[in-house]
Amino acid sequence: MSDTVLLERSGAVATITLNRPEGMNALVVEAKEALLSAVTSVRDDPSVRALVLTGSGRAFCVGQDLREHAALLEAGDPAPLSTVRDHYNPVVTILSQLPIPTIAAINGTAAGAGLGL
């Protein structure tokens, strides 16, 4: 798993931390991929009885990283832009269907896609 998203377990509680404090935890492609991996791991682990989702630094998540998004558009390669469909949407679906308590420990700004989490 990437350093942009951390997954820790303490007993039966899993904590997923968005870990791009310098960018207010904006969702870059790498972070969306790592977040999908983390929530999938939690979903597939029957020993996890609760999930805490939080962000490092002064923000929970300000949403899509618009600088990265603009750079991808300017590069003319639309493939990386499919991460909303391929990564973000499945993350939200998994989170909404988890059969365990899911706690959003919102520490600061939650905007755009971050608010959807």
# chains A, B, ... in the order shown; residues from 1 in each chain; ligands from 1
call {"tool": "select_by_dssp", "arguments": {"residues": "chain A", "states": "alpha helix (DSSP H)", "output": "VMD selection string"}}
result
chain A and resid 29 to 43 66 to 75 83 89 to 97 113 to 116
call {"tool": "closest_residue", "arguments": {"among": "A:Ser2, A:Ser82, A:Ser10, A:Thr17", "to": "Asn107 in chain A", "atoms": "only C-alpha atoms"}}
result
A:Thr17
call {"tool": "atom_distance", "arguments": {"atom1": "CA of Pro101 in chain A", "atom2": "CA of Asn89 in chain A"}}
result
19.8 Å
call {"tool": "residues_around", "arguments": {"residues": "Arg20 in chain A", "least_positions_apart": "6", "cutoff": "8 Å", "atoms": "only C-alpha atoms", "output": "list in words"}}
result
Thr4, Val5, Ala26, Ser56 and Gly57 of chain A
call {"tool": "residues_around", "arguments": {"residues": "range 66-74 of chain A", "least_positions_apart": "2", "cutoff": "9 Å", "atoms": "only C-alpha atoms", "output": "tab-separated table (two decimals) with N, CA and C atoms, in the first residue's frame"}}
result
chain	number	residue	atom	x	y	z
A	26	ALA	N	-5.91	15.85	-0.67
A	26	ALA	CA	-6.59	15.81	-1.97
A	26	ALA	C	-6.33	14.46	-2.62
A	27	LEU	N	-7.31	13.97	-3.35
A	27	LEU	CA	-7.24	12.63	-3.93
A	27	LEU	C	-6.54	12.65	-5.28
A	28	VAL	N	-5.29	12.21	-5.28
A	28	VAL	CA	-4.55	11.98	-6.51
A	28	VAL	C	-4.83	10.54	-6.94
A	29	VAL	N	-4.44	10.19	-8.15
A	29	VAL	CA	-4.68	8.83	-8.66
A	29	VAL	C	-4.11	7.80	-7.69
A	63	GLY	N	-11.08	16.73	-1.51
A	63	GLY	CA	-11.64	16.22	-2.75
A	63	GLY	C	-10.58	15.89	-3.78
A	64	GLN	N	-10.98	15.86	-5.02
A	64	GLN	CA	-10.10	15.55	-6.15
A	64	GLN	C	-8.95	16.56	-6.20
A	76	GLY	N	-3.40	15.00	-22.44
A	76	GLY	CA	-4.19	14.39	-23.51
A	76	GLY	C	-4.43	12.90	-23.35
A	77	ASP	N	-4.03	12.32	-22.23
A	77	ASP	CA	-4.26	10.89	-22.01
A	77	ASP	C	-5.45	10.73	-21.07
A	78	PRO	N	-6.60	10.32	-21.58
A	78	PRO	CA	-7.79	10.23	-20.74
A	78	PRO	C	-7.79	9.01	-19.80
A	79	ALA	N	-6.91	8.06	-20.00
A	79	ALA	CA	-6.94	6.83	-19.21
A	79	ALA	C	-6.88	7.08	-17.70
A	80	PRO	N	-5.95	7.92	-17.21
A	80	PRO	CA	-5.91	8.12	-15.75
A	80	PRO	C	-7.16	8.78	-15.18
A	81	LEU	N	-7.93	9.44	-16.03
A	81	LEU	CA	-9.14	10.10	-15.54
A	81	LEU	C	-10.25	9.11	-15.19
call {"tool": "closest_residue", "arguments": {"among": "A:Gly11, A:Leu53, A:Gly116, A:Cys61", "to": "Ala104 in chain A", "atoms": "only C-alpha atoms"}}
result
A:Leu53
call {"tool": "select_by_dssp", "arguments": {"residues": "chain A", "states": "strand (DSSP E)", "output": "PyMOL selection string"}}
result
chain A and resi 5-10+13-18+50-55+59-61+102-105+109-110
call {"tool": "residues_around", "arguments": {"residues": "Leu98 in chain A", "least_positions_apart": "3", "cutoff": "12 Å", "atoms": "only C-alpha atoms", "output": "JSON, numbers by chain"}}
result
{"A": [39, 40, 41, 42, 43, 44, 45, 46, 48, 49, 50, 51, 91, 92, 93, 94, 95, 101, 102, 103]}
call {"tool": "atom_distance", "arguments": {"atom1": "CA of Ala111 in chain A", "atom2": "CA of Arg9 in chain A"}}
result
26.6 Å
call {"tool": "atom_distance", "arguments": {"atom1": "CA of Ala110 in chain A", "atom2": "CA of Ala59 in chain A"}}
result
6.8 Å
call {"tool": "decode", "arguments": {"residues": "range 65-77 of chain A", "atoms": "N, CA and C atoms", "output": "CSV table (one decimal), in the first residue's frame"}}
result
chain,number,residue,atom,x,y,z
A,65,ASP,N,-7.7,16.1,-6.5
A,65,ASP,CA,-6.6,17.0,-6.7
A,65,ASP,C,-6.7,17.6,-8.0
A,66,LEU,N,-7.2,18.9,-8.1
A,66,LEU,CA,-7.5,19.5,-9.3
A,66,LEU,C,-6.2,19.9,-10.1
A,67,ARG,N,-5.1,20.1,-9.4
A,67,ARG,CA,-3.8,20.3,-10.2
A,67,ARG,C,-3.5,19.0,-11.0
A,68,GLU,N,-3.5,17.9,-10.3
A,68,GLU,CA,-3.2,16.6,-11.0
A,68,GLU,C,-4.2,16.4,-12.2
A,69,HIS,N,-5.5,16.7,-11.9
A,69,HIS,CA,-6.6,16.5,-12.9
A,69,HIS,C,-6.3,17.4,-14.1
A,70,ALA,N,-6.0,18.6,-13.9
A,70,ALA,CA,-5.7,19.5,-15.0
A,70,ALA,C,-4.5,19.1,-15.8
A,71,ALA,N,-3.4,18.6,-15.1
A,71,ALA,CA,-2.2,18.1,-15.8
A,71,ALA,C,-2.5,16.9,-16.6
A,72,LEU,N,-3.4,16.0,-16.1
A,72,LEU,CA,-3.8,14.8,-16.9
A,72,LEU,C,-4.6,15.2,-18.2
A,73,LEU,N,-5.4,16.2,-18.0
A,73,LEU,CA,-6.2,16.7,-19.2
A,73,LEU,C,-5.3,17.3,-20.2
A,74,GLU,N,-4.3,18.1,-19.7
A,74,GLU,CA,-3.4,18.8,-20.7
A,74,GLU,C,-2.5,17.8,-21.4
A,75,ALA,N,-2.2,16.7,-20.7
A,75,ALA,CA,-1.4,15.6,-21.3
A,75,ALA,C,-2.1,14.9,-22.4
A,76,GLY,N,-3.4,15.0,-22.4
A,76,GLY,CA,-4.2,14.4,-23.5
A,76,GLY,C,-4.4,12.9,-23.3
A,77,ASP,N,-4.0,12.3,-22.2
A,77,ASP,CA,-4.3,10.9,-22.0
A,77,ASP,C,-5.5,10.7,-21.1
